[in-house]
Amino acid sequence: MQLKKILRLLAHASQCCLPTCQHSKCRAIKALFCHGKQCKVRVAGGCARCKRMWQFIQLHSRVCKDPDCKVPRCRDLREYLRRIQQQSDSRRRAAVMEMMRLRSREAT
């Protein structure tokens, strides 16, 4: 299945309340969500279904711009990715400043 289709399906399934939805894969995604809530093994324990669900949600969260997104854990993942990016930016700025300081010391 194409990535765009998967991401649209994920967004659809997270908002769909119809038990007999006409969307062909809606129930399968809803079942993944349900599994993720109940699974005792989880990704860390090697659950392939959980791993697949997390991959879909992570892909979605990287492109999602909706502040009120209903996809499970989307907002949490976006916030996490934002913090990681900020930390990376801070480290890069500190490294550049240190390099500039060392160069200016060498020039004098």
# chains A, B, ... in the order shown; residues from 1 in each chain; ligands from 1

call {"tool": "select_by_dssp", "arguments": {"residues": "segment 25-106 of chain A", "states": "alpha helix (DSSP H)", "output": "mmCIF file with C-alpha atoms, in the first residue's frame"}}
result
data_model
loop_
_atom_site.group_PDB
_atom_site.id
_atom_site.type_symbol
_atom_site.label_atom_id
_atom_site.label_comp_id
_atom_site.auth_asym_id
_atom_site.auth_seq_id
_atom_site.Cartn_x
_atom_site.Cartn_y
_atom_site.Cartn_z
ATOM 1 C CA CYS A 26 -10.591 0.804 8.471
ATOM 2 C CA ARG A 27 -11.451 -2.148 10.688
ATOM 3 C CA ALA A 28 -7.926 -3.548 10.345
ATOM 4 C CA ILE A 29 -6.376 -0.280 11.558
ATOM 5 C CA LYS A 30 -8.913 -0.031 14.379
ATOM 6 C CA ALA A 31 -7.962 -3.589 15.354
ATOM 7 C CA LEU A 32 -4.294 -2.525 15.455
ATOM 8 C CA PHE A 33 -5.228 0.376 17.755
ATOM 9 C CA CYS A 34 -7.154 -2.011 19.991
ATOM 10 C CA HIS A 35 -4.288 -4.477 20.016
ATOM 11 C CA GLY A 36 -1.853 -1.699 20.978
ATOM 12 C CA LYS A 37 -3.942 -0.794 24.019
ATOM 13 C CA GLN A 38 -4.159 -4.381 25.256
ATOM 14 C CA ALA A 48 5.342 -7.412 15.369
ATOM 15 C CA ARG A 49 1.822 -5.935 15.358
ATOM 16 C CA CYS A 50 2.789 -3.245 17.868
ATOM 17 C CA LYS A 51 5.950 -2.484 15.912
ATOM 18 C CA ARG A 52 3.941 -2.066 12.722
ATOM 19 C CA MET A 53 1.434 0.218 14.439
ATOM 20 C CA TRP A 54 4.194 2.385 15.895
ATOM 21 C CA GLN A 55 5.857 2.679 12.504
ATOM 22 C CA PHE A 56 2.602 3.961 10.999
ATOM 23 C CA ILE A 57 2.028 6.406 13.841
ATOM 24 C CA GLN A 58 5.604 7.702 13.700
ATOM 25 C CA LEU A 59 5.365 8.258 9.950
ATOM 26 C CA HIS A 60 2.086 10.070 10.435
ATOM 27 C CA SER A 61 3.393 12.264 13.265
ATOM 28 C CA ARG A 62 6.328 13.435 11.152
ATOM 29 C CA VAL A 63 4.032 14.975 8.533
ATOM 30 C CA CYS A 74 0.545 11.726 17.406
ATOM 31 C CA ARG A 75 0.821 14.847 19.547
ATOM 32 C CA ASP A 76 3.155 13.098 22.009
ATOM 33 C CA LEU A 77 5.454 11.967 19.211
ATOM 34 C CA ARG A 78 5.456 15.407 17.564
ATOM 35 C CA GLU A 79 6.423 17.004 20.870
ATOM 36 C CA TYR A 80 9.134 14.399 21.399
ATOM 37 C CA LEU A 81 10.540 14.951 17.895
ATOM 38 C CA ARG A 82 10.450 18.734 18.444
ATOM 39 C CA ARG A 83 12.442 18.394 21.687
ATOM 40 C CA ILE A 84 14.998 16.088 20.036
ATOM 41 C CA GLN A 85 15.421 18.608 17.203
ATOM 42 C CA GLN A 86 15.883 21.455 19.689
ATOM 43 C CA GLN A 87 18.532 19.484 21.570
ATOM 44 C CA SER A 88 20.329 18.714 18.323
ATOM 45 C CA ASP A 89 20.208 22.373 17.292
ATOM 46 C CA SER A 90 21.560 23.444 20.682
ATOM 47 C CA ARG A 91 24.453 20.985 20.470
ATOM 48 C CA ARG A 92 25.262 22.122 16.939
ATOM 49 C CA ARG A 93 25.222 25.804 17.986
ATOM 50 C CA ALA A 94 27.462 25.047 20.971
ATOM 51 C CA ALA A 95 29.922 23.181 18.739
ATOM 52 C CA VAL A 96 30.059 26.075 16.263
ATOM 53 C CA MET A 97 30.554 28.597 19.068
ATOM 54 C CA GLU A 98 33.365 26.489 20.523
ATOM 55 C CA MET A 99 35.008 26.209 17.104
ATOM 56 C CA MET A 100 34.747 29.988 16.628
ATOM 57 C CA ARG A 101 36.216 30.575 20.097
ATOM 58 C CA LEU A 102 39.160 28.258 19.357
ATOM 59 C CA ARG A 103 39.805 29.899 15.991
ATOM 60 C CA SER A 104 39.736 33.383 17.478
ATOM 61 C CA ARG A 105 42.172 32.219 20.182
ATOM 62 C CA GLU A 106 44.516 30.817 17.525
#

call {"tool": "atom_distance", "arguments": {"atom1": "atom CA of Cys69 of chain A", "atom2": "atom CA of His12 of chain A"}}
result
10.9 Å

call {"tool": "atom_distance", "arguments": {"atom1": "atom CA of Asp68 of chain A", "atom2": "atom CA of Ala11 of chain A"}}
result
11.7 Å
